[in-house]
Structure formats: structure tokens, C-alpha cells
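Participant: There's a structure below that I have some questions on.
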Amino acid sequence: AESNVVMKQYEFRPVTLYSETGKPYLSEPTAFVDDENVCVYTNGQLYAKNPGKARVTFSNPGTTVTCQVNVTVLESDAVFTRCVALTFDNGPDKYTSDILDVLSAYGVKATFFVLGTSIEAHPEQMALLGASPHELGNHTYDNSSIASGSVAETASGLQKTDQLCQAAAGRTPTVLRAPDALLPAGLFSSFLDTRRFIGRGFDMNDTDGTLSFEQLYEGALACTYNTSVLTFHDCGPNTA
């Protein structure tokens with residue numbers, strides 16, 4: 001990791017620790033931030049909250065190796081303040097209508113990243129999404145990795161999902177998210193999908209059936225900072 005990092009306010013920065021041999025540690029480091037009003041570390045990312053300076057001490061689990069990083073956060077007025085994005089992956093599913101009811105009750109708009117296979121399995125839920133005010137995103141046909149699949153297979157899967165979405169919902173996705181949140185530049189220069197690519201942000205782990213809705217709620221609050229992107233899933237029984 002760099003010893004001195006300069007970040008703009010509201011910016012996310014992924015963190016990777018490397019050994020002296022140049023190889024990255026596979027396990028996620030633990031971190032202590034001496035001023036969490038300036039920045040925080042969660043889910044493998046640093047998030048810049050407010051202008052100022054902080055020191056982050058990273059530790060690799062199971063060893064005594066530590067790394068200290070000085071973080072300077074610069075003020076930014078480029079992003080609307082007090083804004084959080086709610087996103088839902090892998091749908092539609094049997095819980096989609098419940099999620100839509102909750103969002104409607106509170107007047108909240110979200111983005112649903114749909115799978116082609118899920119549209120085929122739940123066309124009636126996709127129709128509800130189509131009639132809703134929410135943004136639709138393409139999440140590939142079968143939740144396979146964009147990074148490891150061939151360009152032709154990925155392009156075909158995205159196109160098929162668009163077609164299924166249009167048929168079931170009456171509109172096509174306007175944004176894109178890869179299942180593994182990776183964006184290979186060569187892929188998009190090859191078949192020119194010009195839609196905006198949306199990163200995963202904070203995964204709420206709501207597909208874990210052992211987590212209660214209270215635990216999901218607390219987990220979401222812990223990741224809710226200005227401009228956070230929260231990633232939920234239509235298939236989680238406690239998500240709604």
C-alpha cells in the first residue's frame with residue numbers, strides 16, 4: 001500500500017497490501033483509523049468522509065506485519081451531498097414485489113440489476129419492475145464473470161438480457177454492472193457497450209439466510225456514508 005494517499009471527499013479507494021516479494025496478501029487486512037471523521041475502512045475500501053488528515057494502520061490477519069498509511073482528504077463540491085444509492089442484484093425473484101412495496105411506501109427510488117435467467121424464471125416480477133419508477137440495469141444473462149468469459153459470450157449474454165427485459169418489462173436496462181464488478185477495458189472497446197458501468201459498492205450480504213433483518217439493518221447503517229452505493233439482492237428473504 002502507498003504510505004501517503006490523497007483522496008477527494010466522498011471518494012472510494014480499494015486497498016491491497018503487498019509483501020516484500022511483490023505478491024498481494026489474499027486475506028483482507030484489518031484496519032484502525034485514528035480519526036474516523038476523516039475516513040473509514042470497510043469491505044476492502046477506504047472511504048473519504050471529510051477534509052482532514054488521518055493515519056490508518058493495516059494489519060494482516062495471522063501475522064505481526066503492519067502497515068501505516070497517511071491519508072489526506074481534500075474538500076470536494078463535485079458530488080451532491082447526503083446521497084445514498086440503493087441497488088438490488090440478481091433479480092427479479094419472488095421477493096421483488098415485497099421490495100417494491102417497501103420502496104413505494106417511503107417514496108424511494110432504486111436501481112435493479114437484473115439477470116436474464118431470473119427474468120425467464122419470474123416474468124411477472126419483471127413486469128412489475130417495468131411498470132415501476134426504478135432504474136433498470138443489466139447484470140448479464142447468468143451471473144457469470146465478465147472478466148473470465150469471452151467477449152463474444154458476454155456480448156451475447158448482455159444482448160439476450162436486454163431482449164428479455166424489453167419483452168417482459170417494456171424497456172431495456174440503461175446501466176450495467178458485472179457480477180464480479182470488474183470492468184475490462186478491452187471488453188468494451190471490442191463490442192462498445194456504452195452504458196454507464198456501476199461498481200458494486202458495499203455488499204449487504206443479504207443472501208446469507210442466517211442473517212436476521214436486524215443484522216442486515218445494522219450492517220447497512222454501518223456502510224451508509226455520503227455517496228455510498230449499497231448492494232442488496234432480490235433473492236434475500238429478509239431484505240424487504
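We label chains A, B, ... in the order they appear in the C-alpha cells, count residues from 1 in each chain, and number ligands from 1 in the order shown.
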Write down as a ChimeraX atom specification the residues of range 68-185 of chain A whose backbone DSSP state falls under strand (DSSP E).

Facilitator: /A:68-74,85-91,111-114,135-138,175-176

Participant: Take the residues from that selection and write them out as a short mmCIF file (atom, residue, chain, number, x, y, z; two decimals), in the first residue's frame, keeping C-alpha atoms.

Facilitator:
```cif
data_model
loop_
_atom_site.label_atom_id
_atom_site.label_comp_id
_atom_site.auth_asym_id
_atom_site.auth_seq_id
_atom_site.Cartn_x
_atom_site.Cartn_y
_atom_site.Cartn_z
CA GLN A 68 0.73 2.64 8.29
CA VAL A 69 -0.83 4.91 5.67
CA ASN A 70 -1.22 8.67 5.97
CA VAL A 71 -4.49 9.78 4.37
CA THR A 72 -5.20 13.37 3.34
CA VAL A 73 -8.78 14.16 2.33
CA LEU A 74 -9.42 17.21 0.17
CA ALA A 85 -27.76 4.72 -3.80
CA LEU A 86 -29.80 1.56 -3.14
CA THR A 87 -29.18 -1.22 -5.66
CA PHE A 88 -30.58 -4.75 -5.95
CA ASP A 89 -28.78 -7.55 -7.83
CA ASN A 90 -29.71 -10.93 -9.34
CA GLY A 91 -33.45 -10.37 -9.70
CA THR A 111 -31.64 0.51 -9.29
CA PHE A 112 -32.36 -3.14 -10.07
CA PHE A 113 -29.62 -5.07 -11.87
CA VAL A 114 -31.44 -7.97 -13.49
CA GLU A 135 -33.84 2.30 -12.82
CA LEU A 136 -33.04 -0.99 -14.57
CA GLY A 137 -29.52 -2.34 -15.02
CA ASN A 138 -28.15 -5.29 -16.99
CA VAL A 175 -26.82 0.92 -16.89
CA LEU A 176 -24.54 -2.10 -16.46
#
```

Participant: For Thr227 in chain A, which of A:Pro51, A:Ala78, A:Val108, A:Asn143 is the closest residue, counting only C-alpha atoms?

Facilitator: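 Of A:Pro51, A:Ala78, A:Val108, A:Asn143, the one nearest Thr227 in chain A, counting only C-alpha atoms, is A:Ala78.
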
Participant: As a PyMOL selection string, list the residues of range 62-210 of chain A assigned to alpha helix (DSSP H) by DSSP on the backbone atoms of this structure.

Facilitator: chain A and resi 96-106+116-121+123-131+151-169+185-191

Participant: Fewer than 6 positions away in the same chain doesn't count, so skip those; otherwise give me all residues within 10 Å of Glu120 in chain A, counting only C-alpha atoms, as a list of chain:residue names.

Facilitator: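 The residues satisfying every condition are A:Pro92, A:Met126, A:Tyr141, A:Thr161, A:Leu164, A:Cys165, A:Ala168.
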
Participant: Need the shell around Val229 in chain A: protein/DNA/RNA residues with any atom at most 10 Å away, counting only C-alpha atoms. Skip same-chain ones fewer than 4 positions apart. Format as a PDB file with C-alpha atoms, in the first residue's frame?

Facilitator:
```
ATOM      1  CA  CYS A  83     -26.906  10.974  -1.273  1.00  0.00           C
ATOM      2  CA  VAL A  84     -27.063   7.163  -0.957  1.00  0.00           C
ATOM      3  CA  ALA A  85     -27.764   4.717  -3.795  1.00  0.00           C
ATOM      4  CA  LEU A  86     -29.800   1.563  -3.138  1.00  0.00           C
ATOM      5  CA  THR A  87     -29.181  -1.219  -5.658  1.00  0.00           C
ATOM      6  CA  ILE A 198     -21.786   0.834 -11.937  1.00  0.00           C
ATOM      7  CA  GLY A 199     -19.490  -0.634  -9.298  1.00  0.00           C
ATOM      8  CA  ARG A 200     -20.746  -2.918  -6.565  1.00  0.00           C
ATOM      9  CA  GLY A 201     -20.106  -0.612  -3.602  1.00  0.00           C
ATOM     10  CA  PHE A 202     -20.876  -2.240  -0.237  1.00  0.00           C
ATOM     11  CA  ASP A 203     -22.280  -5.774  -0.388  1.00  0.00           C
ATOM     12  CA  CYS A 223     -21.863   1.322   5.418  1.00  0.00           C
ATOM     13  CA  THR A 224     -24.097   4.343   4.910  1.00  0.00           C
ATOM     14  CA  TYR A 225     -21.884   7.329   4.221  1.00  0.00           C
TER      15      TYR A 225
END
```

Participant: Let me make sure I understand: among A:Asp77, A:Asp193, A:Glu124, A:Asp142, which one has the smallest atom-to-atom distance to Ser97 in chain A if we use only C-alpha atoms?

Facilitator: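 When distances to Ser97 in chain A are compared using only C-alpha atoms, the smallest one comes from A:Glu124.
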
Participant: Rounded to one decimal place, report the CA of Glu11 in chain A-CA of Thr207 in chain A distance in Å.

Facilitator: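 CA of Glu11 in chain A sits 27.0 Å away from CA of Thr207 in chain A.
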